[in-house]
file my_file_27.cif (mmCIF, C-alpha atoms)
data_query
loop_
_atom_site.label_atom_id
_atom_site.label_comp_id
_atom_site.auth_asym_id
_atom_site.auth_seq_id
_atom_site.Cartn_x
_atom_site.Cartn_y
_atom_site.Cartn_z
CA MET A 6 -19.03 -8.14 -16.08
CA ASN A 7 -15.33 -7.70 -16.74
CA VAL A 8 -12.87 -7.25 -13.88
CA LYS A 9 -12.72 -3.47 -14.05
CA GLN A 10 -16.52 -3.15 -14.14
CA ARG A 11 -16.86 -5.52 -11.16
CA TYR A 12 -14.45 -3.56 -8.96
CA LEU A 13 -15.86 -0.19 -9.96
CA ALA A 14 -19.44 -1.24 -9.22
CA THR A 15 -18.34 -2.62 -5.85
CA TYR A 16 -16.56 0.61 -4.93
CA HIS A 17 -19.83 2.46 -5.55
CA HIS A 18 -22.05 -0.11 -3.79
CA ARG A 19 -23.81 -0.95 -7.06
CA PRO A 20 -25.07 -4.45 -7.99
CA THR A 21 -22.49 -6.84 -9.47
CA ASP A 22 -22.61 -10.31 -10.96
CA ARG A 23 -20.60 -11.51 -7.95
CA VAL A 24 -18.20 -10.33 -5.28
CA PRO A 25 -14.70 -9.42 -6.51
CA VAL A 26 -12.08 -11.88 -5.28
CA ALA A 27 -8.79 -10.08 -4.66
CA LEU A 28 -5.28 -11.19 -3.90
CA SER A 29 -3.31 -9.58 -1.09
CA TYR A 30 0.09 -10.35 -2.60
CA PHE A 31 2.24 -13.37 -3.34
CA HIS A 32 5.26 -13.72 -1.08
CA ALA A 33 8.44 -13.91 -3.17
CA GLY A 34 9.00 -17.47 -1.93
CA PHE A 35 5.61 -18.53 -3.27
CA VAL A 36 6.43 -16.97 -6.63
CA ARG A 37 9.74 -18.85 -6.86
CA LYS A 38 8.03 -22.09 -5.90
CA HIS A 39 5.13 -21.96 -8.36
CA PHE A 40 6.11 -19.76 -11.29
CA PRO A 41 8.99 -19.98 -13.77
CA PRO A 42 11.76 -17.39 -13.58
CA PRO A 43 10.93 -14.25 -15.55
CA ALA A 44 12.08 -14.13 -19.14
CA PRO A 45 14.34 -11.20 -20.13
CA ASP A 46 11.55 -9.61 -22.18
CA GLU A 47 8.69 -10.48 -19.81
CA ASP A 48 6.27 -7.63 -19.05
CA PRO A 49 5.89 -7.64 -15.23
CA ILE A 50 2.36 -6.23 -15.46
CA GLU A 51 1.23 -9.00 -17.79
CA ALA A 52 3.01 -11.59 -15.66
CA GLY A 53 1.25 -10.32 -12.54
CA ILE A 54 -2.14 -10.53 -14.23
CA GLN A 55 -1.55 -14.08 -15.42
CA ARG A 56 -0.37 -15.24 -11.99
CA GLN A 57 -3.57 -14.00 -10.41
CA LEU A 58 -5.78 -15.43 -13.16
CA ARG A 59 -4.14 -18.83 -12.68
CA TYR A 60 -5.88 -19.19 -9.32
CA GLY A 61 -9.12 -17.45 -10.27
CA PHE A 62 -8.54 -14.04 -8.67
CA ASP A 63 -9.87 -10.80 -10.11
CA PRO A 64 -6.51 -9.19 -10.86
CA HIS A 65 -5.41 -5.86 -9.50
CA GLN A 66 -2.00 -4.38 -10.23
CA TYR A 67 0.06 -1.29 -9.44
CA VAL A 68 1.20 0.89 -12.29
CA ARG A 69 4.90 1.63 -12.43
CA GLY A 70 6.25 5.10 -13.05
CA THR A 71 5.37 6.39 -9.57
CA GLY A 72 8.89 6.26 -8.14
CA ARG A 73 10.78 3.86 -5.91
CA ASP A 74 11.15 3.66 -2.13
CA TRP A 75 8.69 6.28 -0.85
CA PHE A 76 11.34 8.11 1.18
CA LEU A 77 13.91 8.56 -1.60
CA ALA A 78 11.99 10.83 -4.03
CA GLN A 79 13.52 9.03 -6.98
CA PRO A 80 11.94 7.75 -10.21
CA ASP A 81 11.92 4.07 -11.09
CA ARG A 82 15.39 3.04 -12.21
CA SER A 83 14.31 2.71 -15.84
CA CYS A 84 12.60 6.11 -15.81
CA GLU A 85 15.43 8.48 -14.91
CA THR A 86 15.52 11.44 -17.27
CA PRO A 87 17.98 14.32 -17.79
CA ALA A 88 15.39 16.60 -16.19
CA TYR A 89 15.37 14.46 -13.04
CA LEU A 90 19.16 14.29 -12.89
CA ASP A 91 19.31 18.07 -13.12
CA ALA A 92 16.62 18.51 -10.44
CA ALA A 93 18.39 16.03 -8.16
CA GLN A 94 21.62 18.02 -7.97
CA ASP A 95 20.44 19.17 -4.53
CA TRP A 96 19.23 15.68 -3.55
CA GLN A 97 21.98 13.20 -4.35
CA VAL A 98 21.19 9.68 -3.14
CA THR A 99 23.85 7.00 -2.83
CA GLU A 100 23.41 3.41 -1.68
CA GLU A 101 26.14 1.06 -0.44
CA VAL A 102 24.97 -2.53 -0.25
CA SER A 103 26.72 -5.33 1.62
CA ARG A 104 25.69 -8.82 2.72
CA ARG A 105 25.89 -10.55 6.07
CA GLY A 106 25.93 -14.21 5.15
CA GLU A 107 23.58 -15.42 2.45
CA GLU A 108 20.30 -13.95 3.70
CA THR A 109 20.90 -10.52 5.24
CA ILE A 110 21.31 -7.41 3.11
CA ARG A 111 22.63 -4.21 4.68
CA THR A 112 22.11 -0.95 2.78
CA GLU A 113 23.67 2.35 3.83
CA TYR A 114 21.85 5.32 2.30
CA THR A 115 23.29 8.81 2.12
CA ILE A 116 21.40 11.83 0.78
CA LYS A 117 23.54 14.91 0.18
CA THR A 118 21.81 18.29 0.10
CA PRO A 119 23.10 21.89 0.15
CA GLY A 120 22.07 22.13 3.81
CA GLY A 121 23.69 18.91 4.97
CA ALA A 122 23.35 15.17 4.67
CA LEU A 123 20.81 12.56 5.72
CA SER A 124 21.88 8.97 6.27
CA CYS A 125 20.20 5.70 7.09
CA ILE A 126 20.99 2.02 7.55
CA ARG A 127 18.48 -0.57 6.39
CA VAL A 128 18.75 -4.32 7.12
CA GLN A 129 16.59 -6.83 5.27
CA THR A 130 16.39 -10.26 3.67
CA PRO A 131 15.87 -10.54 -0.09
CA ASP A 132 12.17 -11.21 0.49
CA ASP A 133 11.12 -8.56 3.00
CA PHE A 134 11.14 -4.81 3.57
CA GLY A 135 13.42 -5.05 6.57
CA VAL A 136 14.07 -2.59 9.39
CA PHE A 137 15.94 0.69 9.73
CA GLU A 138 18.78 0.44 12.24
CA ALA A 139 19.40 4.18 12.00
CA PRO A 140 16.72 6.55 10.63
CA PHE A 141 17.26 9.47 8.26
CA ILE A 142 15.76 12.08 10.59
CA LYS A 143 17.92 12.11 13.72
CA GLN A 144 17.51 15.72 14.89
CA GLU A 145 14.45 17.97 14.71
CA GLU A 146 16.13 20.34 12.28
CA ASP A 147 16.82 17.50 9.83
CA ILE A 148 13.30 17.79 8.43
CA ASP A 149 14.27 21.13 6.88
CA LEU A 150 16.51 19.22 4.45
CA LEU A 151 13.45 17.55 2.93
CA ARG A 152 12.71 20.75 1.02
CA HIS A 153 15.50 19.72 -1.36
CA ARG A 154 13.57 16.70 -2.66
CA PRO A 155 12.97 16.92 -6.42
CA HIS A 156 9.43 17.97 -7.27
CA PRO A 157 7.18 15.00 -8.15
CA ARG A 158 7.05 16.20 -11.76
CA TYR A 159 10.61 14.85 -12.06
CA VAL A 160 9.79 11.58 -10.28
CA ILE A 161 6.52 10.54 -11.92
CA ASN A 162 6.70 9.03 -15.40
CA HIS A 163 3.36 9.63 -17.10
CA GLU A 164 4.15 7.51 -20.14
CA ARG A 165 5.03 4.45 -18.05
CA ILE A 166 1.78 4.84 -16.11
CA ARG A 167 -0.17 5.05 -19.39
CA GLN A 168 1.62 2.00 -20.81
CA ASP A 169 0.84 -0.14 -17.78
CA TYR A 170 -2.76 1.09 -17.70
CA ALA A 171 -3.17 0.10 -21.35
CA THR A 172 -1.67 -3.35 -20.67
CA MET A 173 -4.20 -3.95 -17.90
CA GLY A 174 -7.20 -3.01 -20.01
CA ASP A 175 -10.50 -4.31 -18.62
CA ARG A 176 -8.82 -7.45 -17.22
CA CYS A 177 -7.38 -5.75 -14.17
CA TRP A 178 -8.10 -3.11 -11.53
CA PRO A 179 -5.34 -0.47 -11.87
CA LYS A 180 -3.87 1.15 -8.77
CA ALA A 181 -1.07 3.58 -7.97
CA SER A 182 0.65 3.10 -4.62
CA VAL A 183 1.30 6.19 -2.48
CA ALA A 184 2.22 6.38 1.20
CA GLY A 185 0.20 8.23 3.82
CA VAL A 186 1.92 10.81 6.00
CA TRP A 187 2.39 8.50 8.99
CA THR A 188 3.99 5.84 6.82
CA VAL A 189 6.45 8.34 5.33
CA ALA A 190 7.19 9.75 8.77
CA SER A 191 7.85 6.23 10.07
CA PHE A 192 10.30 5.60 7.23
CA PHE A 193 12.21 8.84 7.81
CA ARG A 194 12.16 8.87 11.62
CA GLY A 195 11.71 5.19 12.51
CA PRO A 196 8.36 3.72 13.61
CA ASP A 197 9.29 3.43 17.29
CA THR A 198 10.85 6.88 17.56
CA ILE A 199 8.02 8.75 15.83
CA MET A 200 5.55 7.14 18.25
CA LEU A 201 7.54 8.52 21.19
CA ASP A 202 7.75 11.90 19.45
CA LEU A 203 3.97 12.22 19.73
CA TYR A 204 4.49 12.62 23.48
CA ASP A 205 7.91 14.24 23.59
CA ARG A 206 7.62 16.85 20.80
CA PRO A 207 4.02 16.99 19.57
CA GLU A 208 4.26 20.40 17.88
CA TRP A 209 7.32 19.29 15.93
CA VAL A 210 5.48 16.16 14.79
CA LYS A 211 2.62 18.30 13.51
CA ARG A 212 5.05 20.44 11.53
CA PHE A 213 6.79 17.32 10.20
CA LEU A 214 3.54 15.71 9.06
CA ALA A 215 2.31 18.91 7.43
CA LEU A 216 5.54 19.14 5.44
CA LEU A 217 5.18 15.52 4.33
CA ALA A 218 1.55 16.05 3.35
CA ASP A 219 2.51 18.97 1.09
CA TYR A 220 4.74 16.67 -0.94
CA GLN A 221 2.27 13.77 -1.02
CA VAL A 222 -0.48 16.06 -2.33
CA GLU A 223 1.81 17.19 -5.16
CA LEU A 224 2.63 13.54 -5.84
CA ILE A 225 -1.06 12.69 -6.20
CA GLN A 226 -1.62 15.64 -8.50
CA GLU A 227 1.29 14.57 -10.68
CA ILE A 228 0.02 10.99 -10.94
CA ALA A 229 -3.36 12.37 -11.99
CA ARG A 230 -1.72 14.26 -14.84
CA ALA A 231 -1.10 10.91 -16.55
CA GLY A 232 -4.77 11.17 -17.47
CA VAL A 233 -5.79 7.58 -16.67
CA ASP A 234 -8.35 6.21 -14.22
CA VAL A 235 -6.22 4.65 -11.51
CA THR A 236 -7.20 4.18 -7.89
CA ILE A 237 -4.77 5.58 -5.33
CA ARG A 238 -3.80 2.91 -2.83
CA LEU A 239 -2.81 4.94 0.24
CA ASP A 240 -0.45 2.83 2.31
CA ASN A 241 -0.94 3.52 6.01
CA SER A 242 0.55 0.27 7.29
CA PHE A 243 2.23 1.87 10.28
CA LEU A 244 -1.07 3.15 11.64
CA GLY A 245 -1.83 -0.47 12.45
CA PHE A 246 0.75 -0.57 15.24
CA GLY A 247 -1.89 0.52 17.71
CA LEU A 248 -2.38 4.29 17.63
CA SER A 249 -5.20 5.59 19.76
CA ARG A 250 -8.14 7.41 18.27
CA ARG A 251 -6.95 10.67 19.83
CA MET A 252 -3.53 10.32 18.26
CA PHE A 253 -5.04 9.61 14.87
CA THR A 254 -7.50 12.50 14.91
CA GLU A 255 -5.10 15.03 16.45
CA PHE A 256 -2.00 14.31 14.37
CA ILE A 257 -2.81 12.37 11.21
CA GLN A 258 -6.40 12.66 10.02
CA LEU A 259 -6.15 16.26 8.82
CA HIS A 260 -3.12 15.57 6.63
CA ASP A 261 -4.33 12.32 5.10
CA ARG A 262 -7.65 14.03 4.41
CA ARG A 263 -5.73 16.52 2.28
CA ILE A 264 -4.34 13.64 0.23
CA VAL A 265 -7.81 12.12 -0.19
CA GLU A 266 -9.25 15.46 -1.27
CA ALA A 267 -6.43 15.99 -3.78
CA ALA A 268 -7.19 12.61 -5.32
CA HIS A 269 -10.91 13.28 -5.44
CA ASP A 270 -10.35 16.72 -6.95
CA ALA A 271 -8.43 14.95 -9.72
CA GLY A 272 -11.23 12.41 -10.25
CA LEU A 273 -9.40 9.50 -8.58
CA ARG A 274 -10.54 7.13 -5.84
CA VAL A 275 -8.61 6.41 -2.62
CA HIS A 276 -8.20 2.89 -1.25
CA VAL A 277 -6.57 2.88 2.20
CA HIS A 278 -4.37 0.00 3.34
CA ILE A 279 -3.89 -0.50 7.08
CA CYS A 280 -2.74 -3.91 8.24
CA GLY A 281 -3.05 -4.44 11.96
CA LYS A 282 -5.18 -2.35 14.30
CA LYS A 283 -7.66 0.38 13.32
CA ASN A 284 -10.91 -0.46 15.09
CA ALA A 285 -10.72 2.62 17.34
CA PHE A 286 -10.95 5.06 14.44
CA LEU A 287 -12.99 3.32 11.73
CA GLU A 288 -15.53 6.13 11.66
CA ASP A 289 -12.77 8.74 11.50
CA LEU A 290 -11.30 7.00 8.46
CA ALA A 291 -14.72 7.05 6.82
CA ASP A 292 -15.10 10.73 7.68
CA MET A 293 -12.02 11.44 5.56
CA GLY A 294 -14.05 10.47 2.52
CA ILE A 295 -12.00 7.40 1.60
CA ASP A 296 -13.52 5.05 -0.96
CA ALA A 297 -12.21 1.70 0.31
CA LEU A 298 -10.44 0.21 3.32
CA GLU A 299 -8.38 -2.94 3.83
CA THR A 300 -7.23 -5.32 5.43
CA LEU A 301 -9.81 -5.64 8.25
CA THR A 302 -7.48 -7.96 10.16
CA PRO A 303 -9.18 -9.83 13.04
CA PRO A 304 -7.80 -10.10 16.61
CA SER A 305 -6.59 -13.64 15.95
CA ALA A 306 -4.00 -12.25 13.50
CA ALA A 307 -2.69 -9.22 15.45
CA GLY A 308 -5.52 -7.00 14.27
CA ASP A 309 -8.63 -5.83 16.10
CA VAL A 310 -11.39 -5.61 13.49
CA ASP A 311 -14.53 -7.72 13.39
CA LEU A 312 -15.79 -7.80 9.81
CA ALA A 313 -19.49 -7.77 10.70
CA ASP A 314 -18.95 -4.87 13.10
CA ALA A 315 -17.00 -2.88 10.50
CA LYS A 316 -19.78 -3.50 7.98
CA ARG A 317 -22.36 -2.22 10.44
CA ARG A 318 -20.36 0.88 11.38
CA ILE A 319 -19.01 2.13 8.06
CA GLY A 320 -20.02 -0.37 5.38
CA ASP A 321 -22.62 1.95 3.90
CA ARG A 322 -19.99 4.66 3.30
CA VAL A 323 -16.81 2.74 2.51
CA CYS A 324 -16.08 -0.28 0.34
CA LEU A 325 -14.56 -2.94 2.61
CA MET A 326 -11.83 -5.34 1.49
CA GLY A 327 -10.39 -8.25 3.46
CA GLY A 328 -11.42 -9.94 6.67
CA PHE A 329 -10.44 -13.44 5.55
CA LEU A 330 -7.78 -14.88 7.87
CA SER A 331 -4.68 -15.62 5.78
CA TYR A 332 -3.60 -18.30 8.24
CA THR A 333 -6.55 -20.42 7.07
CA LEU A 334 -5.24 -20.33 3.52
CA THR A 335 -1.83 -21.53 4.66
CA MET A 336 -2.72 -24.05 7.36
CA GLY A 337 -6.37 -24.95 6.79
CA THR A 338 -8.05 -27.56 4.63
CA PRO A 339 -9.97 -26.68 1.46
CA GLU A 340 -13.19 -27.27 3.37
CA GLN A 341 -12.13 -24.88 6.13
CA VAL A 342 -11.25 -22.31 3.47
CA ARG A 343 -14.70 -22.64 1.93
CA GLU A 344 -16.37 -22.32 5.33
CA GLU A 345 -14.48 -19.12 6.13
CA VAL A 346 -15.26 -17.67 2.70
CA LYS A 347 -18.94 -18.22 3.36
CA ALA A 348 -18.63 -16.68 6.84
CA CYS A 349 -17.00 -13.53 5.41
CA LEU A 350 -19.67 -13.19 2.74
CA ASP A 351 -22.45 -13.67 5.28
CA LYS A 352 -20.99 -10.81 7.35
CA ALA A 353 -20.28 -8.26 4.64
CA VAL A 354 -21.89 -9.00 1.27
CA ASP A 355 -25.37 -7.57 1.86
CA GLY A 356 -25.80 -4.15 0.31
CA GLY A 357 -22.67 -4.49 -1.80
CA GLY A 358 -19.40 -2.69 -1.24
CA TYR A 359 -17.36 -5.76 -0.24
CA ILE A 360 -14.25 -7.27 -1.82
CA LEU A 361 -13.23 -10.69 -0.52
CA SER A 362 -9.49 -10.83 0.15
CA PRO A 363 -7.03 -12.43 2.56
CA THR A 364 -5.80 -10.13 5.30
CA GLY A 365 -2.17 -10.82 4.45
CA ARG A 366 0.24 -12.28 1.94
CA ILE A 367 0.16 -15.70 0.28
CA ASP A 368 2.98 -17.50 2.10
CA PRO A 369 5.27 -20.02 0.38
CA GLU A 370 3.69 -22.90 2.32
CA THR A 371 0.16 -22.11 1.09
CA PRO A 372 -1.28 -25.14 -0.77
CA GLU A 373 -2.46 -24.31 -4.27
CA GLU A 374 -5.64 -26.30 -3.67
CA ASN A 375 -6.57 -23.81 -0.94
CA LEU A 376 -6.26 -20.89 -3.35
CA TYR A 377 -8.56 -22.64 -5.81
CA ALA A 378 -10.99 -23.42 -2.98
CA PHE A 379 -10.92 -19.75 -1.95
CA THR A 380 -11.77 -18.27 -5.34
CA GLU A 381 -14.20 -21.02 -6.36
CA ALA A 382 -16.15 -20.74 -3.11
CA ALA A 383 -16.39 -16.97 -3.47
CA LYS A 384 -17.84 -17.28 -6.96
CA ALA A 385 -20.22 -20.05 -5.89
CA TYR A 386 -21.55 -18.34 -2.75
CA SER A 387 -21.87 -14.79 -4.12
CA GLY A 388 -24.26 -14.07 -6.92
CA SER A 389 -26.16 -11.49 -8.89
CA GLY A 390 -27.41 -8.41 -7.08
CA HIS A 391 -24.62 -8.03 -4.49
#
call {"tool": "encode", "arguments": {"input": "my_file_27.cif", "output": "structure tokens"}}
result
Amino acid sequence: MNVKQRYLATYHHRPTDRVPVALSYFHAGFVRKHFPPPAPDEDPIEAGIQRQLRYGFDPHQYVRGTGRDWFLAQPDRSCETPAYLDAAQDWQVTEEVSRRGEETIRTEYTIKTPGGALSCIRVQTPDDFGVFEAPFIKQEEDIDLLRHRPHPRYVINHERIRQDYATMGDRCWPKASVAGVWTVASFFRGPDTIMLDLYDRPEWVKRFLALLADYQVELIQEIARAGVDVTIRLDNSFLGFGLSRRMFTEFIQLHDRRIVEAAHDAGLRVHVHICGKKNAFLEDLADMGIDALETLTPPSAAGDVDLADAKRRIGDRVCLMGGFLSYTLTMGTPEQVREEVKACLDKAVDGGGYILSPTGRIDPETPEENLYAFTEAAKAYSGSGH
């Protein structure tokens, strides 16, 4: 089977030649350590495929052309068009970047709209997402300014999506990354503040999330108009901070279900990413009709999911990805890596619908021999019929 066939069969719980072996992602420090600097004419999609193939992974990549920084409603920098510039007259984004020492980057964002301005301060290192010192949404009425965001038709670049999809071919599993409503809300309002808002102003939060869902549904529909078979990777990272089941079902499930349904109506699959905690609402995630779920992080790594338990509870309805403790890749021996690979497969491989993957990134300190042990063990221990 080729890579695309292997992933597709796994998503649908059909027999495969072996279990797909997926990367989480390479930390930028690992990339600098092990790969040459990019050439001026290097295709980043091709480079990403080759980096994964080097260690024996089944590559998966994200198409470009879906915009940058989920909260900015802007196209990729190389995809700005006159139509976008015209549509963005009511949504003018400026960024002022400064450095604190060699490692800290401070970015001040300002978004000017006819109804007023939104501003935000973001602090990060070159290798991480960073934190927001001051969120965009400071007052309840600020969410009304979001109506000035350019429609996704001006943000999505169909041709770039098609180009990247063609580059991937059958060698790679193509995805498009989109944020869930709670992730977008956390970006705009701040992850700590929006959690408190659930108690302090619940009706406002519901209105806020509904407004965000409207835009995300249109974003999905616009991606689908590229006419290629990508899987939507719905990033719900901030759900993993420890929301209760009641909070998830009362505030979030309805809106993310709308996104899932929009993708399914367009013939696309939905792969949900939640690092951290989600054990309390596994069944509720499955009830949304999602096709796959990652990262299945165990309690020993700030998660709360037991892989065997997740397989028992929702493994017949949802393709599961993850469960392998990334710490073992970084700090363990090759033999320990192989033992944990076998343990993950023993817990989740029966009946199909399982993708072996680390629960987190590949850190700079990760020995290359452990990556080879990881992928080789997966291919040796999993076989035809899974």
call {"tool": "resolve_selection", "arguments": {"input": "my_file_27.cif", "expression": "the PyMOL selection byres ((chain A and resi 275) around 6)", "output": "VMD selection string"}}
result
chain A and resid 236 to 238 274 276 295 to 296
call {"tool": "write_last_selection", "arguments": {"input": "my_file_27.cif", "atoms": "C-alpha atoms", "output": "mmCIF file, keeping the file's coordinate frame"}}
result
data_model
loop_
_atom_site.group_PDB
_atom_site.id
_atom_site.type_symbol
_atom_site.label_atom_id
_atom_site.label_comp_id
_atom_site.auth_asym_id
_atom_site.auth_seq_id
_atom_site.Cartn_x
_atom_site.Cartn_y
_atom_site.Cartn_z
ATOM 1 C CA THR A 236 -7.200 4.180 -7.890
ATOM 2 C CA ILE A 237 -4.770 5.580 -5.330
ATOM 3 C CA ARG A 238 -3.800 2.910 -2.830
ATOM 4 C CA ARG A 274 -10.540 7.130 -5.840
ATOM 5 C CA HIS A 276 -8.200 2.890 -1.250
ATOM 6 C CA ILE A 295 -12.000 7.400 1.600
ATOM 7 C CA ASP A 296 -13.520 5.050 -0.960
#
call {"tool": "residues_around", "arguments": {"input": "my_file_27.cif", "residues": "Arg104 in chain A", "least_positions_apart": "5", "cutoff": "12 Å", "atoms": "all atoms listed in the file", "output": "PyMOL selection string"}}
result
chain A and resi 109-113+127-131
call {"tool": "resolve_selection", "arguments": {"input": "my_file_27.cif", "expression": "the PyMOL selection byres ((chain A and resi 383) around 12)", "output": "JSON, numbers by chain"}}
result
{"A": [22, 23, 24, 25, 26, 27, 61, 62, 63, 329, 342, 343, 344, 345, 346, 347, 348, 349, 350, 351, 354, 359, 360, 361, 362, 376, 377, 378, 379, 380, 381, 382, 384, 385, 386, 387, 388]}
call {"tool": "residues_around", "arguments": {"input": "my_file_27.cif", "residues": "Tyr332 in chain A", "least_positions_apart": "3", "cutoff": "10 Å", "atoms": "all atoms listed in the file", "output": "list in words"}}
result
Ser305, Ala306, Phe329, Thr335, Met336, Gly337, Val342, Pro363, Thr364, Gly365, Arg366, Ile367, Asp368 and Thr371 of chain A
call {"tool": "closest_residue", "arguments": {"input": "my_file_27.cif", "among": "A:Phe137, A:Trp187, A:Phe286, A:Phe35", "to": "Asn241 in chain A", "atoms": "all atoms listed in the file"}}
result
A:Trp187
call {"tool": "resolve_selection", "arguments": {"input": "my_file_27.cif", "expression": "the PyMOL selection byres ((chain A and resi 192-197) around 10)", "output": "count of residues only"}}
result
33
call {"tool": "axis_aligned_box", "arguments": {"input": "my_file_27.cif", "around": "range 287-301 of chain A", "padding_each_side": "3 Å", "output": "AutoDock Vina command-line options"}}
result
--center_x -11.4 --center_y 2.9 --center_z 5.4 --size_x 14.3 --size_y 23.1 --size_z 18.7
call {"tool": "residues_around", "arguments": {"input": "my_file_27.cif", "residues": "Ala78 in chain A", "least_positions_apart": "3", "cutoff": "10 Å", "atoms": "only C-alpha atoms", "output": "ChimeraX atom specification"}}
result
/A:71-75,81,93,96,98,151,153-157,159-161,220,224
call {"tool": "atom_distance", "arguments": {"input": "my_file_27.cif", "atom1": "CA of Pro119 in chain A", "atom2": "CA of Thr99 in chain A"}}
result
15.2 Å
call {"tool": "closest_residue", "arguments": {"input": "my_file_27.cif", "among": "A:Gly185, A:Met326, A:Asp219, A:Lys283", "to": "Ile257 in chain A", "atoms": "only C-alpha atoms"}}
result
A:Gly185
call {"tool": "atom_distance", "arguments": {"input": "my_file_27.cif", "atom1": "CA of Leu248 in chain A", "atom2": "CA of Gly135 in chain A"}}
result
21.4 Å
call {"tool": "atom_distance", "arguments": {"input": "my_file_27.cif", "atom1": "CA of Pro64 in chain A", "atom2": "CA of Arg262 in chain A"}}
result
27.8 Å
call {"tool": "closest_residue", "arguments": {"input": "my_file_27.cif", "among": "A:Cys280, A:Gly358, A:Ile264, A:Ala285", "to": "Lys316 in chain A", "atoms": "all atoms listed in the file"}}
result
A:Gly358
call {"tool": "closest_residue", "arguments": {"input": "my_file_27.cif", "among": "A:Arg322, A:Arg251, A:Lys282, A:Arg317", "to": "Thr15 in chain A", "atoms": "all atoms listed in the file"}}
result
A:Arg322
call {"tool": "closest_residue", "arguments": {"input": "my_file_27.cif", "among": "A:Leu273, A:Leu298, A:Ala52, A:Ala181", "to": "Leu325 in chain A", "atoms": "only C-alpha atoms"}}
result
A:Leu298
call {"tool": "residues_around", "arguments": {"input": "my_file_27.cif", "residues": "Gly70 in chain A", "least_positions_apart": "5", "cutoff": "9 Å", "atoms": "only C-alpha atoms", "output": "MDAnalysis selection string"}}
result
chainID A and resid 80:81 83:84 160:166 169 228
call {"tool": "closest_residue", "arguments": {"input": "my_file_27.cif", "among": "A:Asp355, A:Asp292, A:Gly247, A:Ile126", "to": "Asp309 in chain A", "atoms": "all atoms listed in the file"}}
result
A:Gly247
